[in-house]
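Note sheet for the following structure.
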Amino acid sequence: KCCFNYCLEVSNYRSNGKYEMIKIINLNKIFHENTKKEFHALKNINLEIKNSSCVILKGISGSGKSTLLSLIGTLQKPTSGDIKIDEESIAKLPDLHASNFRAKNLGFIFQAYNLFNELSVKDNISIPLIPLGFSQKDIDEKVSEALKLSNIFHKKDELVFNLSGGEKQRCAIARAIVNNPEIILCDEPTANLDLNNSIRFVEILKDLKNLNKTIIVASHDPIFDDLDFVDKIIHIKNGIICE
C-alpha cells in the first residue's frame, strides 16, 4: 500500500521491546531572561519512550512541551540531566556532532513549516540529503518516494511560495521523512491547518507509525486525544510531567 519502500529496511535501533529507545533522565532547562531573573522551563523530567511508538506531549503554550521536543532533537542543550538514545548520550553533543546526528536520525515537522519559499517543493525536500553524500540518482529516488507518501508529488515543481497551508505542511512532512529517520519530531504540526488538512496529517502519521517510526508530537490540539495508534499521552504543566 505504501510506496515508501526504503523505510522498510531493518532499523539499527530496533529493539523488539528489549530496551527503551529514548530515555530522559533528570532533565532540567533554565532560561536566563536577564542577569537577575531565570525561567525554569523544564523541571527534573524523567521519561522513557519505546521504539516504534507514538507519543503526544500535551500542554498549554508555555508548559514546556516544545522545549522538551527541542532538547530531544538536539536543537538545544539542557541545563542539567541527560537524554539517551540506544544508550548513547545525545544531550550535550558538540554542535557539529549534534548536526550530524540530526541529519542521519531525526526528522522535524514544524508549526511554521520552515521551508524556502523561493525554491520548488522537490528542492526543499532534497536539502536534508545533500550533506549525507548521496548520488543525484539516489536523491531523486528518495525525494520521489517521500513526495508520494506525503501526497504532494503533483506539486513537486511548484514554488513553495505558491502552496496552500496544507500543501506546505505536506511538503514539510516529505522533507522530514526523506532521510528515512528513525525518530520524527512534530512541534504543533496542525496549528496552522484546517480540520480536513489536520485529518490528512494524522493519516500520514499513522502510515509512518506503521513503518515502525518513533513519533513524538508536541501539541494541544484535541485531534490527537483519541487516536488508536497513539501509545501514550504525556501531560506537561509548568515544566513538570503530570501523572
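Going by the C-alpha cells order, chains are called A, B, ..., each with residues numbered from 1, while ligands are numbered from 1 in the order shown.
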Could you find all residues in stretch 161-207 of chain A that DSSP calls strand (DSSP E or B) from the backbone, and write them as a PyMOL selection string?
chain A and resi 183-187
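For stretch 24-123 of chain A, backbone-based DSSP assignment of helix (DSSP H, G or I) covers Lys65, Ser66, Thr67, Leu68, Leu69, Ser70, Leu71, Ile72, Asp95, Leu96, His97, Ala98, Ser99, Asn100, Phe101, Arg102, Ala103, Lys104, Asn105, Val121, Lys122 and Asp123 of chain A.
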Can you write out the residues you just picked, keeping C-alpha atoms, as a short mmCIF file (atom, residue, chain, number, x, y, z; two decimals), in the first residue's frame?
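To be explicit, this is the file written out as part_24.cif:
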```cif
data_model
loop_
_atom_site.label_atom_id
_atom_site.label_comp_id
_atom_site.auth_asym_id
_atom_site.auth_seq_id
_atom_site.Cartn_x
_atom_site.Cartn_y
_atom_site.Cartn_z
CA LYS A 65 6.45 20.64 25.71
CA SER A 66 8.16 22.37 22.78
CA THR A 67 11.30 22.87 24.88
CA LEU A 68 11.37 19.16 25.65
CA LEU A 69 10.94 18.37 21.95
CA SER A 70 13.82 20.66 21.00
CA LEU A 71 16.09 19.03 23.60
CA ILE A 72 15.28 15.55 22.27
CA ASP A 95 27.31 21.39 17.70
CA LEU A 96 28.92 19.63 14.72
CA HIS A 97 28.19 16.17 16.12
CA ALA A 98 24.65 17.20 17.02
CA SER A 99 24.11 18.41 13.46
CA ASN A 100 25.36 15.12 12.05
CA PHE A 101 23.16 13.18 14.47
CA ARG A 102 20.08 15.15 13.39
CA ALA A 103 20.85 14.69 9.70
CA LYS A 104 21.08 10.92 10.00
CA ASN A 105 18.48 10.06 12.64
CA VAL A 121 8.90 21.58 -3.46
CA LYS A 122 11.38 18.95 -4.66
CA ASP A 123 14.36 21.25 -3.99
#
```
What's the 7 Å shell around stretch 189-205 of chain A, counting only C-alpha atoms, without same-chain residues fewer than 3 positions away, as a PyMOL selection string?
chain A and resi 109-111+150+165-166+186+208-209
Would you export the selected residues with N, CA, C and O atoms as an mmCIF file, in the first residue's frame, please?
```cif
data_model
loop_
_atom_site.group_PDB
_atom_site.id
_atom_site.type_symbol
_atom_site.label_atom_id
_atom_site.label_comp_id
_atom_site.auth_asym_id
_atom_site.auth_seq_id
_atom_site.Cartn_x
_atom_site.Cartn_y
_atom_site.Cartn_z
ATOM 1 N N ILE A 109 9.091 18.258 11.909
ATOM 2 C CA ILE A 109 7.932 18.898 11.292
ATOM 3 C C ILE A 109 7.527 20.051 12.199
ATOM 4 O O ILE A 109 7.137 19.840 13.352
ATOM 5 N N PHE A 110 7.647 21.274 11.681
ATOM 6 C CA PHE A 110 7.442 22.465 12.495
ATOM 7 C C PHE A 110 6.096 23.122 12.204
ATOM 8 O O PHE A 110 5.529 22.991 11.115
ATOM 9 N N GLN A 111 5.611 23.876 13.188
ATOM 10 C CA GLN A 111 4.366 24.624 13.040
ATOM 11 C C GLN A 111 4.446 25.610 11.876
ATOM 12 O O GLN A 111 3.508 25.760 11.105
ATOM 13 N N SER A 150 3.704 11.573 1.119
ATOM 14 C CA SER A 150 3.112 12.786 1.686
ATOM 15 C C SER A 150 2.010 13.375 0.811
ATOM 16 O O SER A 150 1.463 14.429 1.139
ATOM 17 N N GLY A 165 -1.613 26.311 2.808
ATOM 18 C CA GLY A 165 -1.077 25.885 4.099
ATOM 19 C C GLY A 165 -0.976 24.377 4.218
ATOM 20 O O GLY A 165 0.027 23.844 4.693
ATOM 21 N N GLY A 166 -2.023 23.677 3.770
ATOM 22 C CA GLY A 166 -1.996 22.218 3.830
ATOM 23 C C GLY A 166 -0.922 21.626 2.949
ATOM 24 O O GLY A 166 -0.262 20.644 3.323
ATOM 25 N N CYS A 186 7.441 16.403 15.919
ATOM 26 C CA CYS A 186 6.445 17.323 15.366
ATOM 27 C C CYS A 186 6.075 18.366 16.413
ATOM 28 O O CYS A 186 5.589 18.018 17.491
ATOM 29 N N LEU A 208 3.289 6.436 8.977
ATOM 30 C CA LEU A 208 4.664 6.428 9.467
ATOM 31 C C LEU A 208 4.816 5.516 10.676
ATOM 32 O O LEU A 208 5.817 4.819 10.829
ATOM 33 N N LYS A 209 3.821 5.515 11.536
ATOM 34 C CA LYS A 209 3.849 4.609 12.692
ATOM 35 C C LYS A 209 3.877 3.150 12.222
ATOM 36 O O LYS A 209 4.586 2.304 12.787
#
```
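Compared by their closest atoms to A:Lys50, and using only C-alpha atoms, the residues A:Leu27, A:Ile130, A:Leu163, A:Ile183 rank with A:Ile183 nearest.
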Rows by chain and residue number, stretch 72-122 of chain A within 12 Å of stretch 40-45 of chain A, shortest pair, only C-alpha atoms, as CSV:
```
residue,atom,partner,partner_atom,distance
A:Ile72,CA,A:Ile45,CA,11.9
A:Lys77,CA,A:Leu42,CA,12.0
A:Pro78,CA,A:Leu42,CA,9.0
A:Thr79,CA,A:Leu42,CA,9.4
A:Ser80,CA,A:Asn44,CA,8.7
A:Gly81,CA,A:Asn44,CA,7.8
A:Asp82,CA,A:Ile45,CA,9.6
A:Ile83,CA,A:Ile45,CA,10.2
```
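Among the candidates A:Ile233, A:Asp86, A:Asn180, A:Asn117, the one nearest to A:Ser164 when counting only C-alpha atoms is A:Asn117.
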Selection near A:Lys237, 10 Å with only C-alpha atoms, sequence-local residues under 3 positions removed, as a PyMOL selection string
chain A and resi 41-42+58-65+240-242
For the residues selected in the previous step, produce a file with N, CA, C and O atoms as an mmCIF file, in the first residue's frame.
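Output file again.cif is given in full below:
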```cif
data_model
loop_
_atom_site.group_PDB
_atom_site.id
_atom_site.type_symbol
_atom_site.label_atom_id
_atom_site.label_comp_id
_atom_site.auth_asym_id
_atom_site.auth_seq_id
_atom_site.Cartn_x
_atom_site.Cartn_y
_atom_site.Cartn_z
ATOM 1 N N ALA A 41 12.113 26.200 32.617
ATOM 2 C CA ALA A 41 11.172 25.695 31.613
ATOM 3 C C ALA A 41 10.847 24.224 31.808
ATOM 4 O O ALA A 41 9.714 23.791 31.571
ATOM 5 N N LEU A 42 11.833 23.432 32.218
ATOM 6 C CA LEU A 42 11.636 22.004 32.491
ATOM 7 C C LEU A 42 12.259 21.672 33.838
ATOM 8 O O LEU A 42 13.363 22.118 34.151
ATOM 9 N N LYS A 58 1.295 16.856 25.655
ATOM 10 C CA LYS A 58 0.155 17.778 25.735
ATOM 11 C C LYS A 58 0.408 18.840 26.791
ATOM 12 O O LYS A 58 0.988 18.567 27.843
ATOM 13 N N GLY A 59 -0.060 20.041 26.493
ATOM 14 C CA GLY A 59 0.058 21.126 27.453
ATOM 15 C C GLY A 59 -0.205 22.450 26.783
ATOM 16 O O GLY A 59 -0.067 22.589 25.570
ATOM 17 N N ILE A 60 -0.595 23.436 27.567
ATOM 18 C CA ILE A 60 -0.867 24.759 27.023
ATOM 19 C C ILE A 60 0.442 25.420 26.590
ATOM 20 O O ILE A 60 1.530 24.950 26.914
ATOM 21 N N SER A 61 0.328 26.516 25.873
ATOM 22 C CA SER A 61 1.514 27.262 25.461
ATOM 23 C C SER A 61 2.316 27.677 26.696
ATOM 24 O O SER A 61 1.755 28.159 27.677
ATOM 25 N N GLY A 62 3.625 27.458 26.638
ATOM 26 C CA GLY A 62 4.483 27.794 27.764
ATOM 27 C C GLY A 62 4.634 26.699 28.791
ATOM 28 O O GLY A 62 5.316 26.890 29.801
ATOM 29 N N SER A 63 4.026 25.538 28.538
ATOM 30 C CA SER A 63 4.091 24.447 29.513
ATOM 31 C C SER A 63 5.439 23.748 29.517
ATOM 32 O O SER A 63 5.802 23.091 30.493
ATOM 33 N N GLY A 64 6.184 23.847 28.406
ATOM 34 C CA GLY A 64 7.492 23.205 28.328
ATOM 35 C C GLY A 64 7.569 22.096 27.303
ATOM 36 O O GLY A 64 8.642 21.539 27.061
ATOM 37 N N LYS A 65 6.452 21.776 26.639
ATOM 38 C CA LYS A 65 6.450 20.642 25.714
ATOM 39 C C LYS A 65 7.342 20.882 24.497
ATOM 40 O O LYS A 65 8.063 19.984 24.057
ATOM 41 N N ILE A 240 6.604 20.445 34.331
ATOM 42 C CA ILE A 240 6.583 19.188 35.088
ATOM 43 C C ILE A 240 5.636 18.208 34.411
ATOM 44 O O ILE A 240 4.554 18.586 33.957
ATOM 45 N N ILE A 241 6.028 16.932 34.348
ATOM 46 C CA ILE A 241 5.126 15.900 33.839
ATOM 47 C C ILE A 241 4.081 15.583 34.891
ATOM 48 O O ILE A 241 4.396 15.299 36.050
ATOM 49 N N CYS A 242 2.822 15.652 34.479
ATOM 50 C CA CYS A 242 1.699 15.359 35.373
ATOM 51 C C CYS A 242 1.284 13.897 35.196
ATOM 52 O O CYS A 242 1.002 13.477 34.069
#
```
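Restricting the calculation to only C-alpha atoms, the smallest distance between A:Ile25 and any of A:Ile125, A:Leu75, A:Ile90, A:Leu159 is found for A:Ile90.
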Fewer than 4 positions away in the same chain doesn't count, so skip those; otherwise give me all residues within 9 Å of A:Asn210, counting only C-alpha atoms, as a PyMOL selection string.
chain A and resi 52+205-206+229
Go ahead and write the residues just picked, all heavy atoms, as a CSV table (one decimal), in the first residue's frame.
```csv
chain,number,residue,atom,x,y,z
A,52,SER,N,9.5,2.7,18.1
A,52,SER,CA,8.3,2.5,17.2
A,52,SER,C,7.0,2.9,17.9
A,52,SER,O,5.9,2.4,17.4
A,52,SER,CB,8.2,1.0,16.7
A,52,SER,OG,9.4,0.7,16.1
A,205,LEU,N,0.7,10.4,9.7
A,205,LEU,CA,1.4,10.0,10.9
A,205,LEU,C,1.1,8.5,11.2
A,205,LEU,O,2.0,7.7,11.6
A,205,LEU,CB,0.9,10.8,12.1
A,205,LEU,CG,1.5,12.1,12.4
A,205,LEU,CD1,1.1,12.6,13.8
A,205,LEU,CD2,3.0,12.2,12.2
A,206,LYS,N,-0.1,8.1,10.9
A,206,LYS,CA,-0.4,6.6,11.1
A,206,LYS,C,0.4,5.8,10.2
A,206,LYS,O,0.9,4.7,10.6
A,206,LYS,CB,-1.9,6.4,10.9
A,206,LYS,CG,-2.4,5.0,11.3
A,206,LYS,CD,-3.9,4.9,11.3
A,206,LYS,CE,-4.3,3.5,11.7
A,206,LYS,NZ,-5.8,3.4,11.8
A,229,PHE,N,-3.6,4.8,17.2
A,229,PHE,CA,-2.2,4.4,17.1
A,229,PHE,C,-1.3,5.2,18.0
A,229,PHE,O,-0.1,5.0,18.0
A,229,PHE,CB,-1.8,4.6,15.6
A,229,PHE,CG,-1.8,6.1,15.2
A,229,PHE,CD1,-0.7,6.9,15.3
A,229,PHE,CD2,-3.0,6.6,14.6
A,229,PHE,CE1,-0.7,8.2,14.9
A,229,PHE,CE2,-3.0,7.9,14.2
A,229,PHE,CZ,-1.9,8.7,14.3
```
Counting only C-alpha atoms, closest pick from A:Glu188, A:Ile56, A:Phe153, A:Pro181 relative to A:Leu227 is A:Ile56
Show which residues sit within 9 Å of A:Leu119, as a PyMOL selection string. Count only C-alpha atoms, and ignore same-chain residues fewer than 6 positions away.
chain A and resi 158-161
Take the selection from the previous step and output its residues with all heavy atoms, as a PDB file, in the first residue's frame.
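So result09.pdb came out as:
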```pdb
ATOM      1  N   GLU A 158       6.403  22.976  -8.149  1.00  0.00           N
ATOM      2  CA  GLU A 158       5.811  24.255  -7.761  1.00  0.00           C
ATOM      3  C   GLU A 158       6.687  24.956  -6.735  1.00  0.00           C
ATOM      4  O   GLU A 158       7.286  24.329  -5.865  1.00  0.00           O
ATOM      5  CB  GLU A 158       4.423  24.028  -7.169  1.00  0.00           C
ATOM      6  CG  GLU A 158       3.605  25.276  -6.949  1.00  0.00           C
ATOM      7  CD  GLU A 158       3.072  25.853  -8.250  1.00  0.00           C
ATOM      8  OE1 GLU A 158       2.356  25.141  -8.972  1.00  0.00           O
ATOM      9  OE2 GLU A 158       3.414  27.018  -8.524  1.00  0.00           O
ATOM     10  N   LEU A 159       6.774  26.288  -6.837  1.00  0.00           N
ATOM     11  CA  LEU A 159       7.458  27.039  -5.796  1.00  0.00           C
ATOM     12  C   LEU A 159       6.647  26.973  -4.509  1.00  0.00           C
ATOM     13  O   LEU A 159       5.414  27.059  -4.523  1.00  0.00           O
ATOM     14  CB  LEU A 159       7.638  28.500  -6.216  1.00  0.00           C
ATOM     15  CG  LEU A 159       8.569  28.784  -7.399  1.00  0.00           C
ATOM     16  CD1 LEU A 159       8.623  30.299  -7.650  1.00  0.00           C
ATOM     17  CD2 LEU A 159       9.963  28.239  -7.154  1.00  0.00           C
ATOM     18  N   VAL A 160       7.328  26.825  -3.393  1.00  0.00           N
ATOM     19  CA  VAL A 160       6.645  26.736  -2.099  1.00  0.00           C
ATOM     20  C   VAL A 160       5.800  27.976  -1.846  1.00  0.00           C
ATOM     21  O   VAL A 160       4.728  27.896  -1.228  1.00  0.00           O
ATOM     22  CB  VAL A 160       7.673  26.528  -0.972  1.00  0.00           C
ATOM     23  CG1 VAL A 160       7.061  26.778   0.399  1.00  0.00           C
ATOM     24  CG2 VAL A 160       8.244  25.117  -1.044  1.00  0.00           C
ATOM     25  N   PHE A 161       6.250  29.113  -2.326  1.00  0.00           N
ATOM     26  CA  PHE A 161       5.517  30.371  -2.156  1.00  0.00           C
ATOM     27  C   PHE A 161       4.074  30.264  -2.643  1.00  0.00           C
ATOM     28  O   PHE A 161       3.168  30.917  -2.108  1.00  0.00           O
ATOM     29  CB  PHE A 161       6.236  31.487  -2.915  1.00  0.00           C
ATOM     30  CG  PHE A 161       5.550  32.830  -2.847  1.00  0.00           C
ATOM     31  CD1 PHE A 161       5.707  33.646  -1.737  1.00  0.00           C
ATOM     32  CD2 PHE A 161       4.735  33.263  -3.883  1.00  0.00           C
ATOM     33  CE1 PHE A 161       5.066  34.880  -1.661  1.00  0.00           C
ATOM     34  CE2 PHE A 161       4.095  34.486  -3.815  1.00  0.00           C
ATOM     35  CZ  PHE A 161       4.257  35.300  -2.712  1.00  0.00           C
TER      36      PHE A 161
END
```
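Proximity to A:Arg170 was assessed for A:Ile223, A:Leu115, A:Ile215, A:Ile127 counting only C-alpha atoms; the smallest distance is recorded for A:Leu115.
The space separating atom CA of A:Glu141 from atom CA of A:Phe108 comes to 20.4 Å.
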